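**Q** My file is start.cif. It has mmCIF, C-alpha atoms:
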```cif
data_model
loop_
_atom_site.group_PDB
_atom_site.id
_atom_site.type_symbol
_atom_site.label_atom_id
_atom_site.label_comp_id
_atom_site.auth_asym_id
_atom_site.auth_seq_id
_atom_site.Cartn_x
_atom_site.Cartn_y
_atom_site.Cartn_z
ATOM 1 C CA MET A 10 18.457 -13.299 18.115
ATOM 2 C CA HIS A 11 16.018 -11.552 20.380
ATOM 3 C CA ARG A 12 13.486 -14.296 20.917
ATOM 4 C CA THR A 13 12.331 -13.734 24.451
ATOM 5 C CA GLY A 14 11.018 -10.230 24.354
ATOM 6 C CA GLU A 15 13.931 -7.986 25.263
ATOM 7 C CA LEU A 16 14.143 -4.479 23.904
ATOM 8 C CA TYR A 17 15.974 -3.979 20.603
ATOM 9 C CA GLY A 18 18.598 -1.238 20.628
ATOM 10 C CA GLN A 19 16.785 1.113 18.255
ATOM 11 C CA PHE A 20 13.640 1.375 20.398
ATOM 12 C CA GLN A 21 13.092 3.328 23.584
ATOM 13 C CA THR A 22 10.204 1.343 25.028
ATOM 14 C CA MET A 23 8.604 -2.084 24.565
ATOM 15 C CA GLU A 24 5.426 -0.303 23.559
ATOM 16 C CA GLN A 25 7.210 1.509 20.731
ATOM 17 C CA GLN A 26 8.776 -1.781 19.596
ATOM 18 C CA ARG A 27 5.387 -3.497 19.529
ATOM 19 C CA GLU A 28 3.674 -0.662 17.689
ATOM 20 C CA THR A 29 6.430 -0.530 15.094
ATOM 21 C CA ALA A 30 6.060 -4.249 14.389
ATOM 22 C CA SER A 31 2.306 -3.990 13.919
ATOM 23 C CA LEU A 32 2.691 -0.859 11.764
ATOM 24 C CA GLY A 33 5.044 -2.808 9.487
ATOM 25 C CA MET A 34 2.503 -5.621 9.221
ATOM 26 C CA TRP A 35 -0.243 -3.144 8.365
ATOM 27 C CA ILE A 36 1.854 -1.631 5.586
ATOM 28 C CA PHE A 37 2.280 -5.139 4.153
ATOM 29 C CA LEU A 38 -1.498 -5.604 4.407
ATOM 30 C CA VAL A 39 -2.041 -2.376 2.420
ATOM 31 C CA THR A 40 -0.052 -3.931 -0.433
ATOM 32 C CA GLU A 41 -2.251 -7.033 -0.083
ATOM 33 C CA VAL A 42 -5.415 -4.905 -0.292
ATOM 34 C CA LEU A 43 -4.171 -3.541 -3.610
ATOM 35 C CA PHE A 44 -3.053 -6.999 -4.781
ATOM 36 C CA PHE A 45 -6.590 -8.302 -4.296
ATOM 37 C CA GLY A 46 -7.891 -4.893 -5.461
ATOM 38 C CA GLY A 47 -6.780 -5.619 -9.026
ATOM 39 C CA MET A 48 -8.898 -8.773 -8.983
ATOM 40 C CA PHE A 49 -11.900 -6.935 -7.563
ATOM 41 C CA MET A 50 -11.440 -4.303 -10.270
ATOM 42 C CA THR A 51 -11.499 -6.961 -13.020
ATOM 43 C CA TYR A 52 -14.558 -8.509 -11.393
ATOM 44 C CA THR A 53 -16.409 -5.168 -11.159
ATOM 45 C CA LEU A 54 -15.754 -4.327 -14.803
ATOM 46 C CA ASN A 55 -16.819 -7.741 -16.149
ATOM 47 C CA ARG A 56 -19.852 -8.025 -13.926
ATOM 48 C CA SER A 57 -21.072 -4.580 -14.953
ATOM 49 C CA THR A 58 -20.554 -5.540 -18.620
ATOM 50 C CA TYR A 59 -22.268 -8.975 -18.448
ATOM 51 C CA PRO A 60 -24.657 -8.729 -15.468
ATOM 52 C CA ASP A 61 -27.125 -11.424 -16.605
ATOM 53 C CA VAL A 62 -24.632 -14.173 -17.421
ATOM 54 C CA PHE A 63 -22.749 -13.445 -14.184
ATOM 55 C CA GLY A 64 -26.043 -13.846 -12.282
ATOM 56 C CA GLU A 65 -26.785 -17.160 -13.977
ATOM 57 C CA ALA A 66 -23.268 -18.497 -13.485
ATOM 58 C CA SER A 67 -23.274 -17.453 -9.820
ATOM 59 C CA LYS A 68 -26.421 -19.544 -9.225
ATOM 60 C CA SER A 69 -24.514 -22.721 -10.122
ATOM 61 C CA ILE A 70 -22.144 -22.402 -7.152
ATOM 62 C CA ASP A 71 -23.230 -24.222 -3.985
ATOM 63 C CA LEU A 72 -24.628 -21.529 -1.659
ATOM 64 C CA THR A 73 -24.870 -23.843 1.362
ATOM 65 C CA LEU A 74 -21.183 -24.773 1.199
ATOM 66 C CA GLY A 75 -20.256 -21.099 0.742
ATOM 67 C CA ALA A 76 -22.330 -20.025 3.736
ATOM 68 C CA ILE A 77 -20.894 -22.826 5.921
ATOM 69 C CA ASN A 78 -17.396 -21.755 4.871
ATOM 70 C CA THR A 79 -18.153 -18.152 5.844
ATOM 71 C CA VAL A 80 -19.177 -19.297 9.324
ATOM 72 C CA VAL A 81 -16.104 -21.564 9.604
ATOM 73 C CA LEU A 82 -13.718 -18.785 8.577
ATOM 74 C CA ILE A 83 -15.217 -16.181 10.903
ATOM 75 C CA GLY A 84 -15.037 -18.825 13.644
ATOM 76 C CA SER A 85 -11.335 -19.273 12.911
ATOM 77 C CA SER A 86 -10.874 -15.507 13.228
ATOM 78 C CA LEU A 87 -12.461 -15.710 16.686
ATOM 79 C CA THR A 88 -10.099 -18.489 17.823
ATOM 80 C CA MET A 89 -7.148 -16.530 16.361
ATOM 81 C CA ALA A 90 -8.185 -13.416 18.300
ATOM 82 C CA MET A 91 -8.575 -15.572 21.418
ATOM 83 C CA SER A 92 -5.040 -16.938 21.062
ATOM 84 C CA VAL A 93 -3.724 -13.349 20.906
ATOM 85 C CA TRP A 94 -5.637 -12.630 24.099
ATOM 86 C CA ALA A 95 -4.353 -15.812 25.771
ATOM 87 C CA SER A 96 -0.754 -14.835 24.939
ATOM 88 C CA GLN A 97 -1.299 -11.317 26.302
ATOM 89 C CA VAL A 98 -2.563 -12.594 29.647
ATOM 90 C CA GLY A 99 0.057 -15.354 29.845
ATOM 91 C CA LYS A 100 -2.138 -18.448 29.557
ATOM 92 C CA LYS A 101 0.424 -20.513 27.657
ATOM 93 C CA GLN A 102 -1.657 -23.671 27.206
ATOM 94 C CA LEU A 103 -4.661 -21.741 25.914
ATOM 95 C CA VAL A 104 -2.461 -20.066 23.269
ATOM 96 C CA THR A 105 -1.604 -23.488 21.844
ATOM 97 C CA ILE A 106 -5.196 -24.740 22.063
ATOM 98 C CA PHE A 107 -6.613 -21.703 20.266
ATOM 99 C CA LEU A 108 -3.886 -21.811 17.600
ATOM 100 C CA ILE A 109 -4.660 -25.486 16.917
ATOM 101 C CA ALA A 110 -8.398 -24.666 16.766
ATOM 102 C CA THR A 111 -7.627 -21.940 14.209
ATOM 103 C CA LEU A 112 -5.568 -24.363 12.118
ATOM 104 C CA VAL A 113 -8.335 -26.995 12.255
ATOM 105 C CA LEU A 114 -11.019 -24.502 11.194
ATOM 106 C CA GLY A 115 -8.768 -23.187 8.412
ATOM 107 C CA SER A 116 -8.257 -26.751 7.174
ATOM 108 C CA VAL A 117 -12.015 -27.400 7.259
ATOM 109 C CA PHE A 118 -12.455 -24.288 5.107
ATOM 110 C CA LEU A 119 -9.910 -25.543 2.558
ATOM 111 C CA GLY A 120 -11.534 -29.008 2.580
ATOM 112 C CA ILE A 121 -14.977 -27.575 1.807
ATOM 113 C CA LYS A 122 -13.385 -25.395 -0.880
ATOM 114 C CA GLY A 123 -11.955 -28.585 -2.382
ATOM 115 C CA VAL A 124 -15.425 -30.168 -2.467
ATOM 116 C CA GLU A 125 -16.742 -27.083 -4.283
ATOM 117 C CA TYR A 126 -13.904 -27.179 -6.810
ATOM 118 C CA HIS A 127 -14.623 -30.867 -7.390
ATOM 119 C CA GLN A 128 -18.276 -30.071 -8.136
ATOM 120 C CA LYS A 129 -17.176 -27.465 -10.668
ATOM 121 C CA PHE A 130 -14.912 -29.986 -12.402
ATOM 122 C CA VAL A 131 -17.763 -32.526 -12.575
ATOM 123 C CA GLU A 132 -20.103 -29.875 -14.035
ATOM 124 C CA HIS A 133 -17.520 -28.812 -16.684
ATOM 125 C CA HIS A 134 -17.512 -25.326 -15.189
ATOM 126 C CA VAL A 135 -13.728 -25.077 -15.084
ATOM 127 C CA PRO A 136 -12.520 -22.662 -17.799
ATOM 128 C CA GLY A 137 -10.691 -24.456 -20.567
ATOM 129 C CA LEU A 138 -11.266 -26.781 -23.492
ATOM 130 C CA SER A 139 -13.946 -28.927 -21.833
ATOM 131 C CA PHE A 140 -15.854 -25.914 -20.508
ATOM 132 C CA SER A 141 -19.589 -26.086 -21.047
ATOM 133 C CA PHE A 142 -21.931 -23.794 -19.119
ATOM 134 C CA GLU A 143 -25.390 -25.056 -20.001
ATOM 135 C CA PRO A 144 -26.554 -27.349 -22.800
ATOM 136 C CA GLY A 145 -27.640 -25.180 -25.694
ATOM 137 C CA ALA A 146 -26.077 -21.962 -24.379
ATOM 138 C CA SER A 147 -24.900 -19.589 -27.102
ATOM 139 C CA ILE A 148 -21.209 -19.100 -27.825
ATOM 140 C CA ALA A 149 -21.344 -15.616 -26.297
ATOM 141 C CA THR A 150 -23.046 -16.861 -23.129
ATOM 142 C CA ASN A 151 -20.478 -19.633 -22.811
ATOM 143 C CA ALA A 152 -17.618 -17.159 -23.255
ATOM 144 C CA HIS A 153 -19.009 -14.731 -20.678
ATOM 145 C CA ALA A 154 -19.799 -17.524 -18.212
ATOM 146 C CA GLN A 155 -16.221 -18.661 -18.656
ATOM 147 C CA LEU A 156 -15.122 -15.164 -17.613
ATOM 148 C CA PHE A 157 -17.129 -15.516 -14.406
ATOM 149 C CA PHE A 158 -15.664 -18.919 -13.585
ATOM 150 C CA SER A 159 -12.139 -17.712 -14.416
ATOM 151 C CA LEU A 160 -12.658 -14.948 -11.877
ATOM 152 C CA TYR A 161 -14.231 -17.398 -9.418
ATOM 153 C CA PHE A 162 -11.200 -19.689 -9.569
ATOM 154 C CA ALA A 163 -8.656 -16.858 -9.629
ATOM 155 C CA MET A 164 -10.169 -15.014 -6.665
ATOM 156 C CA THR A 165 -11.015 -18.017 -4.475
ATOM 157 C CA GLY A 166 -7.755 -19.667 -5.544
ATOM 158 C CA LEU A 167 -5.669 -16.652 -4.521
ATOM 159 C CA HIS A 168 -7.645 -16.516 -1.292
ATOM 160 C CA ALA A 169 -7.038 -20.256 -0.690
ATOM 161 C CA LEU A 170 -3.310 -19.756 -1.370
ATOM 162 C CA HIS A 171 -3.294 -17.115 1.369
ATOM 163 C CA MET A 172 -5.036 -19.589 3.667
ATOM 164 C CA ILE A 173 -2.402 -22.241 2.938
ATOM 165 C CA ILE A 174 0.385 -19.768 3.725
ATOM 166 C CA GLY A 175 -1.540 -18.828 6.883
ATOM 167 C CA ALA A 176 -1.786 -22.509 7.841
ATOM 168 C CA GLY A 177 2.007 -22.811 7.458
ATOM 169 C CA LEU A 178 2.490 -19.776 9.709
ATOM 170 C CA LEU A 179 0.083 -21.302 12.257
ATOM 171 C CA LEU A 180 2.079 -24.565 12.302
ATOM 172 C CA TRP A 181 5.200 -22.552 13.068
ATOM 173 C CA LEU A 182 3.380 -20.624 15.818
ATOM 174 C CA ILE A 183 2.045 -23.861 17.343
ATOM 175 C CA LYS A 184 5.565 -25.289 17.485
ATOM 176 C CA GLN A 185 6.868 -22.129 19.206
ATOM 177 C CA SER A 186 3.869 -21.993 21.498
ATOM 178 C CA MET A 187 4.306 -25.605 22.634
ATOM 179 C CA ARG A 188 7.810 -24.632 23.777
ATOM 180 C CA GLY A 189 6.198 -21.909 25.864
ATOM 181 C CA ARG A 190 7.774 -19.072 23.859
ATOM 182 C CA PHE A 191 4.851 -16.680 23.996
ATOM 183 C CA THR A 192 4.465 -14.591 27.123
ATOM 184 C CA PRO A 193 2.774 -11.271 27.953
ATOM 185 C CA GLN A 194 6.189 -9.658 27.231
ATOM 186 C CA TYR A 195 6.751 -11.419 23.913
ATOM 187 C CA ASN A 196 3.804 -12.274 21.672
ATOM 188 C CA THR A 197 4.463 -10.233 18.544
ATOM 189 C CA PRO A 198 4.450 -13.262 16.167
ATOM 190 C CA VAL A 199 0.997 -14.327 17.408
ATOM 191 C CA GLU A 200 -0.325 -10.800 16.993
ATOM 192 C CA LEU A 201 1.117 -10.304 13.493
ATOM 193 C CA VAL A 202 -0.014 -13.682 12.135
ATOM 194 C CA GLY A 203 -3.380 -12.782 13.674
ATOM 195 C CA LEU A 204 -3.504 -9.567 11.615
ATOM 196 C CA TYR A 205 -2.743 -11.575 8.470
ATOM 197 C CA TRP A 206 -5.367 -14.207 9.291
ATOM 198 C CA HIS A 207 -8.067 -11.571 9.913
ATOM 199 C CA PHE A 208 -7.168 -9.860 6.638
ATOM 200 C CA VAL A 209 -7.752 -13.132 4.763
ATOM 201 C CA ASP A 210 -11.091 -13.355 6.594
ATOM 202 C CA ILE A 211 -12.025 -9.854 5.360
ATOM 203 C CA VAL A 212 -11.255 -10.817 1.753
ATOM 204 C CA TRP A 213 -13.671 -13.736 2.112
ATOM 205 C CA ILE A 214 -16.340 -11.471 3.668
ATOM 206 C CA PHE A 215 -16.367 -9.615 0.334
ATOM 207 C CA LEU A 216 -15.897 -12.653 -1.923
ATOM 208 C CA PHE A 217 -18.893 -14.468 -0.454
ATOM 209 C CA PRO A 218 -21.636 -12.004 -1.508
ATOM 210 C CA LEU A 219 -19.845 -11.062 -4.745
ATOM 211 C CA LEU A 220 -19.435 -14.623 -6.035
ATOM 212 C CA TYR A 221 -22.233 -16.626 -4.404
ATOM 213 C CA LEU A 222 -25.081 -14.150 -4.012
ATOM 214 C CA ILE A 223 -25.309 -12.226 -7.293
ATOM 215 C CA ASP A 224 -28.794 -13.336 -8.326
ATOM 216 C CA ARG A 225 -30.398 -15.582 -5.730
ATOM 217 C CA HIS A 226 -33.921 -14.161 -5.597
ATOM 218 C CA MET B 9 2.412 6.671 23.473
ATOM 219 C CA SER B 10 -0.719 4.772 24.455
ATOM 220 C CA GLU B 11 -0.722 1.873 26.925
ATOM 221 C CA HIS B 12 -0.885 -1.621 25.458
ATOM 222 C CA HIS B 13 -4.556 -2.487 25.315
ATOM 223 C CA ILE B 14 -5.822 -6.028 25.899
ATOM 224 C CA VAL B 15 -9.204 -6.683 24.304
ATOM 225 C CA SER B 16 -11.319 -8.953 26.495
ATOM 226 C CA PRO B 17 -12.818 -12.278 25.267
ATOM 227 C CA LYS B 18 -16.263 -10.819 25.969
ATOM 228 C CA ILE B 19 -15.771 -8.274 23.184
ATOM 229 C CA TYR B 20 -14.360 -10.923 20.821
ATOM 230 C CA PHE B 21 -17.405 -13.162 21.312
ATOM 231 C CA ALA B 22 -19.803 -10.213 20.915
ATOM 232 C CA ILE B 23 -18.106 -9.288 17.618
ATOM 233 C CA PHE B 24 -18.272 -12.932 16.508
ATOM 234 C CA GLY B 25 -22.030 -12.865 17.232
ATOM 235 C CA ALA B 26 -22.447 -9.663 15.226
ATOM 236 C CA LEU B 27 -20.504 -11.182 12.300
ATOM 237 C CA MET B 28 -22.722 -14.281 12.344
ATOM 238 C CA LEU B 29 -25.794 -12.047 12.338
ATOM 239 C CA GLY B 30 -24.339 -10.140 9.374
ATOM 240 C CA THR B 31 -23.738 -13.410 7.498
ATOM 241 C CA ILE B 32 -27.372 -14.477 7.997
ATOM 242 C CA LEU B 33 -28.585 -10.992 7.002
ATOM 243 C CA THR B 34 -26.551 -10.974 3.802
ATOM 244 C CA VAL B 35 -27.958 -14.366 2.696
ATOM 245 C CA VAL B 36 -31.545 -13.352 3.596
ATOM 246 C CA ALA B 37 -31.170 -10.006 1.777
ATOM 247 C CA ALA B 38 -29.870 -11.785 -1.330
ATOM 248 C CA LYS B 39 -32.937 -14.061 -1.391
ATOM 249 C CA ILE B 40 -35.286 -11.046 -1.550
ATOM 250 C CA ASP B 41 -35.660 -9.222 -4.858
ATOM 251 C CA LEU B 42 -34.706 -5.712 -3.736
ATOM 252 C CA ASN B 43 -33.930 -4.643 -7.294
ATOM 253 C CA GLN B 44 -37.672 -4.220 -7.953
ATOM 254 C CA TYR B 45 -37.694 -1.189 -5.622
ATOM 255 C CA PHE B 46 -34.491 0.365 -6.892
ATOM 256 C CA SER B 47 -32.222 -1.001 -9.589
ATOM 257 C CA GLY B 48 -29.023 -2.362 -8.044
ATOM 258 C CA LEU B 49 -30.311 -2.255 -4.456
ATOM 259 C CA ASN B 50 -29.362 -5.924 -3.888
ATOM 260 C CA ILE B 51 -25.662 -5.334 -4.532
ATOM 261 C CA ILE B 52 -25.693 -2.082 -2.531
ATOM 262 C CA VAL B 53 -27.178 -3.873 0.504
ATOM 263 C CA ALA B 54 -24.756 -6.816 0.088
ATOM 264 C CA LEU B 55 -21.718 -4.518 -0.050
ATOM 265 C CA PHE B 56 -23.012 -2.392 2.838
ATOM 266 C CA ILE B 57 -23.315 -5.471 5.078
ATOM 267 C CA ALA B 58 -19.895 -6.752 3.961
ATOM 268 C CA THR B 59 -18.321 -3.350 4.709
ATOM 269 C CA CYS B 60 -19.895 -3.301 8.190
ATOM 270 C CA LYS B 61 -18.574 -6.824 8.866
ATOM 271 C CA ALA B 62 -15.100 -5.911 7.593
ATOM 272 C CA SER B 63 -15.087 -2.773 9.773
ATOM 273 C CA LEU B 64 -15.899 -4.842 12.871
ATOM 274 C CA VAL B 65 -13.019 -7.214 12.057
ATOM 275 C CA VAL B 66 -10.571 -4.308 11.545
ATOM 276 C CA LEU B 67 -11.695 -2.346 14.616
ATOM 277 C CA PHE B 68 -11.859 -5.195 17.148
ATOM 278 C CA PHE B 69 -10.214 -8.428 15.917
ATOM 279 C CA MET B 70 -7.337 -6.451 14.395
ATOM 280 C CA HIS B 71 -7.325 -3.893 17.248
ATOM 281 C CA GLY B 72 -7.724 -0.958 14.834
ATOM 282 C CA LYS B 73 -9.782 0.893 17.440
ATOM 283 C CA TYR B 74 -6.957 0.644 19.998
ATOM 284 C CA SER B 75 -4.071 1.308 17.603
ATOM 285 C CA PRO B 76 -2.013 4.496 17.586
ATOM 286 C CA LYS B 77 -3.152 7.201 15.159
ATOM 287 C CA ARG B 78 -0.357 6.595 12.668
ATOM 288 C CA THR B 79 -1.427 2.956 12.302
ATOM 289 C CA GLN B 80 -5.027 4.069 11.836
ATOM 290 C CA LEU B 81 -3.836 6.459 9.126
ATOM 291 C CA VAL B 82 -2.214 3.546 7.269
ATOM 292 C CA ILE B 83 -5.468 1.554 7.529
ATOM 293 C CA ILE B 84 -7.505 4.437 6.111
ATOM 294 C CA CYS B 85 -4.930 4.932 3.330
ATOM 295 C CA SER B 86 -5.478 1.350 2.140
ATOM 296 C CA ILE B 87 -9.196 2.079 1.666
ATOM 297 C CA PHE B 88 -8.317 5.336 -0.074
ATOM 298 C CA TRP B 89 -5.934 3.679 -2.575
ATOM 299 C CA LEU B 90 -8.438 0.901 -3.261
ATOM 300 C CA ALA B 91 -11.116 3.536 -3.894
ATOM 301 C CA ILE B 92 -8.836 5.283 -6.410
ATOM 302 C CA LEU B 93 -8.212 1.969 -8.176
ATOM 303 C CA LEU B 94 -11.905 1.055 -8.446
ATOM 304 C CA PHE B 95 -13.464 4.478 -8.865
ATOM 305 C CA MET B 96 -11.054 5.998 -11.395
ATOM 306 C CA THR B 97 -10.840 2.869 -13.546
ATOM 307 C CA MET B 98 -14.608 2.382 -13.620
ATOM 308 C CA SER B 99 -15.314 6.041 -14.377
ATOM 309 C CA ASP B 100 -12.957 5.690 -17.344
ATOM 310 C CA TYR B 101 -14.650 2.527 -18.666
ATOM 311 C CA ILE B 102 -18.265 3.655 -18.296
ATOM 312 C CA SER B 103 -17.572 6.983 -20.006
ATOM 313 C CA ARG B 104 -16.245 5.449 -23.233
ATOM 314 C CA PRO B 105 -18.965 5.772 -25.835
ATOM 315 C CA TRP B 106 -17.189 3.546 -28.376
ATOM 316 C CA SER B 107 -16.938 0.382 -26.270
#
```
Mind converting the file's structure to structure tokens?

**A**
Amino acid sequence: MHRTGELYGQFQTMEQQRETASLGMWIFLVTEVLFFGGMFMTYTLNRSTYPDVFGEASKSIDLTLGAINTVVLIGSSLTMAMSVWASQVGKKQLVTIFLIATLVLGSVFLGIKGVEYHQKFVEHHVPGLSFSFEPGASIATNAHAQLFFSLYFAMTGLHALHMIIGAGLLLWLIKQSMRGRFTPQYNTPVELVGLYWHFVDIVWIFLFPLLYLIDRH
Amino acid sequence: MSEHHIVSPKIYFAIFGALMLGTILTVVAAKIDLNQYFSGLNIIVALFIATCKASLVVLFFMHGKYSPKRTQLVIICSIFWLAILLFMTMSDYISRPWS
């Protein structure tokens, strides 16, 4: 296994090898854009069909927690970017520190998400048999609100799943980094996990206004 | 073949600042009733800010600005395919008189 940054036989330069790896990651991310795209499509169609109920349902989600989570996640993107930088300039200890910071911030995000989910369970806003939007809401309103919360859980849930996978990848990177594996010559894993982490951040950048801020005025 | 570009921490922190500003802006804009001026203006502003934030992440955090052209082409393609998915499907749905 080439683990220390030597040149693979099929490449002519290190630069070409690096660019090929990041191109491959980007092509994977294109498939992810379309994976999430299907969800955004479903959201767009249902929101345009039931704009008022979606606005009402959106108001019941905790805006403060959502906003804090946005800040936390963008912060984790910063520490991720910083660990890529640290690996490129050969500061081995900083790579580990920034990776751990990213993992901690990612975990804080998931924790806050858990608090939000708990609130939704307490309020009977989880789609299913015990779903109840507001006392006295009509059957149609209840059904359409249930659509919103189904989308809320599906979209944030899929996003959280990506975060959990990202956290697993970060653990693996931290282990490698503590052994001093990442050097200016070999830091492709840090860079590629970074691309993935930033992509998950971008998904949240769109989810936040679409789910939390529909009708807040 | 371009030289490997290292983005400095200064740029990363500046982008982080811009993203924080965008987050505040998007919450403030949502609190104001913009729809009274133009129907749907709230969602347009929200998506505009989100797109700006996403572009900053792609260009700087993900090094899109410093990537070779073929990588940039792949990035643009993803937006193009997503646009086809959203635009074509929605234009079908909203032009069905019977639903």

**Q** How many Å separate atom CA of A:Ser186 from atom CA of A:Ala30?

**A**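 Taking atom CA of A:Ser186 as the start and atom CA of A:Ala30 as the end point, the length is 19.2 Å.
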
**Q** Could you list, as a PyMOL selection string, every residue matched by the PyMOL selection byres ((chain B) within 9 of (chain A)) in this structure?

**A** chain B and resi 9-12+14-17+20-21+23-24+27-28+31-32+34-35+37-42+50-51+54-55+58-59+61-63+65-66+69-71+75-76+78-79+82-83+85-87+89-90+93-94+97-98+101

**Q** In terms of the shortest atom-to-atom distance over only C-alpha atoms, which of A:Val209, A:Leu112, A:Leu103, A:Met48 is closest to A:Leu170?

**A**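 Among the listed residues, the smallest separation from A:Leu170 belongs to A:Val209.
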
**Q** Record the distance separating atom CA of A:Gln21 and atom CA of B:His13, expressed in Å with one decimal.

**A** 18.7 Å

**Q** Quick check on the file I pasted: which residues fall under the PyMOL selection byres ((chain A and resi 71) around 10)? Write them as an MDAnalysis selection string.

**A** chainID A and resid 67:70 72:76 124:125 128:129 221

**Q** For the selection you just gave me, I'd like the residues written to a file as a JSON list (two decimals), in the frame of the given file, keeping C-alpha atoms.

**A**
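Writing done, so here's again-v7.json:
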```
[["chain", "number", "residue", "atom", "x", "y", "z"],
["A", 67, "SER", "CA", -23.27, -17.45, -9.82],
["A", 68, "LYS", "CA", -26.42, -19.54, -9.22],
["A", 69, "SER", "CA", -24.51, -22.72, -10.12],
["A", 70, "ILE", "CA", -22.14, -22.40, -7.15],
["A", 72, "LEU", "CA", -24.63, -21.53, -1.66],
["A", 73, "THR", "CA", -24.87, -23.84, 1.36],
["A", 74, "LEU", "CA", -21.18, -24.77, 1.20],
["A", 75, "GLY", "CA", -20.26, -21.10, 0.74],
["A", 76, "ALA", "CA", -22.33, -20.02, 3.74],
["A", 124, "VAL", "CA", -15.42, -30.17, -2.47],
["A", 125, "GLU", "CA", -16.74, -27.08, -4.28],
["A", 128, "GLN", "CA", -18.28, -30.07, -8.14],
["A", 129, "LYS", "CA", -17.18, -27.46, -10.67],
["A", 221, "TYR", "CA", -22.23, -16.63, -4.40]]
```

**Q** Report as a list in words the full result of the PyMOL selection byres ((chain A and resi 161-164) around 8) when it is applied to this structure.

**A**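 With the PyMOL selection byres ((chain A and resi 161-164) around 8) on this model, the match is Phe45, Met48, Phe157, Phe158, Ser159, Leu160, Thr165, Gly166, Leu167, His168, Leu216 and Leu220 of chain A.
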
**Q** Any idea what the distance is between atom CA of A:Gly99 and atom CA of A:Gly115?

**A** 24.5 Å

**Q** Ranking A:Gln194, A:Gln26, A:Gln185, A:Asn55 by minimum distance to A:Leu108 and counting all atoms listed in the file, which one comes first?

**A**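 Of A:Gln194, A:Gln26, A:Gln185, A:Asn55, the one nearest A:Leu108, counting all atoms listed in the file, is A:Gln185.
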
**Q** Within 7 Å of (3.4, -19.4, 27.1) in the file's own coordinates, which protein, DNA or RNA residues have an atom, counting only C-alpha atoms? List them as a JSON list (two decimals) with C-alpha atoms, in the coordinates of the input.

**A**
```json
[["chain", "number", "residue", "atom", "x", "y", "z"],
["A", 96, "SER", "CA", -0.75, -14.84, 24.94],
["A", 99, "GLY", "CA", 0.06, -15.35, 29.84],
["A", 100, "LYS", "CA", -2.14, -18.45, 29.56],
["A", 101, "LYS", "CA", 0.42, -20.51, 27.66],
["A", 102, "GLN", "CA", -1.66, -23.67, 27.21],
["A", 186, "SER", "CA", 3.87, -21.99, 21.50],
["A", 189, "GLY", "CA", 6.20, -21.91, 25.86],
["A", 190, "ARG", "CA", 7.77, -19.07, 23.86],
["A", 191, "PHE", "CA", 4.85, -16.68, 24.00],
["A", 192, "THR", "CA", 4.46, -14.59, 27.12]]
```

**Q** Using all atoms listed in the file, can you tell me which of A:Ala152, A:Leu16, A:Leu179, A:Leu119 comes closest to A:Leu138?

**A**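 Comparing A:Ala152, A:Leu16, A:Leu179, A:Leu119 against A:Leu138, the winner is A:Ala152.
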
**Q** Find the residues around A:Leu114 up to 8 Å (all atoms listed in the file counted), leave out those fewer than 5 positions away in its own chain, and share them as a compact mmCIF listing (two decimals) with C-alpha atoms, in the frame of the given file.

**A**
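The resulting file, selection.txt, is shown below:
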```txt
# COMPACT_ATOMS: atom_id res chain seq x y z
CA VAL A 81 -16.10 -21.56 9.60
CA LEU A 82 -13.72 -18.78 8.58
CA GLY A 84 -15.04 -18.82 13.64
CA SER A 85 -11.34 -19.27 12.91
```

**Q** Which residue, A:Ile173, A:Gly14, A:Tyr59, A:Tyr52, has the smallest gap to A:His153 when you use all atoms listed in the file?

**A**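 Result for the nearest residue to A:His153: A:Tyr59.
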
**Q** Can you sort out stretch 85-93 of chain A so it carries N, CA and C atoms, written as a PDB file, keeping the file's coordinate frame?

**A**
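The file below, out.pdb, is the result:
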```
ATOM      1  N   SER A  85     -12.788 -19.163  12.773  1.00  0.00           N
ATOM      2  CA  SER A  85     -11.335 -19.273  12.911  1.00  0.00           C
ATOM      3  C   SER A  85     -10.711 -17.926  13.279  1.00  0.00           C
ATOM      4  N   SER A  86     -11.352 -16.833  12.827  1.00  0.00           N
ATOM      5  CA  SER A  86     -10.874 -15.507  13.228  1.00  0.00           C
ATOM      6  C   SER A  86     -11.078 -15.310  14.734  1.00  0.00           C
ATOM      7  N   LEU A  87     -12.197 -15.817  15.242  1.00  0.00           N
ATOM      8  CA  LEU A  87     -12.461 -15.710  16.686  1.00  0.00           C
ATOM      9  C   LEU A  87     -11.394 -16.467  17.475  1.00  0.00           C
ATOM     10  N   THR A  88     -11.094 -17.718  17.074  1.00  0.00           N
ATOM     11  CA  THR A  88     -10.099 -18.489  17.823  1.00  0.00           C
ATOM     12  C   THR A  88      -8.712 -17.839  17.700  1.00  0.00           C
ATOM     13  N   MET A  89      -8.425 -17.230  16.531  1.00  0.00           N
ATOM     14  CA  MET A  89      -7.148 -16.530  16.361  1.00  0.00           C
ATOM     15  C   MET A  89      -7.064 -15.351  17.333  1.00  0.00           C
ATOM     16  N   ALA A  90      -8.153 -14.565  17.381  1.00  0.00           N
ATOM     17  CA  ALA A  90      -8.185 -13.416  18.300  1.00  0.00           C
ATOM     18  C   ALA A  90      -8.035 -13.885  19.747  1.00  0.00           C
ATOM     19  N   MET A  91      -8.659 -15.035  20.059  1.00  0.00           N
ATOM     20  CA  MET A  91      -8.575 -15.572  21.418  1.00  0.00           C
ATOM     21  C   MET A  91      -7.149 -16.018  21.762  1.00  0.00           C
ATOM     22  N   SER A  92      -6.412 -16.523  20.757  1.00  0.00           N
ATOM     23  CA  SER A  92      -5.040 -16.938  21.062  1.00  0.00           C
ATOM     24  C   SER A  92      -4.152 -15.714  21.305  1.00  0.00           C
ATOM     25  N   VAL A  93      -4.456 -14.592  20.619  1.00  0.00           N
ATOM     26  CA  VAL A  93      -3.724 -13.349  20.906  1.00  0.00           C
ATOM     27  C   VAL A  93      -4.004 -12.925  22.350  1.00  0.00           C
TER      28      VAL A  93
END
```
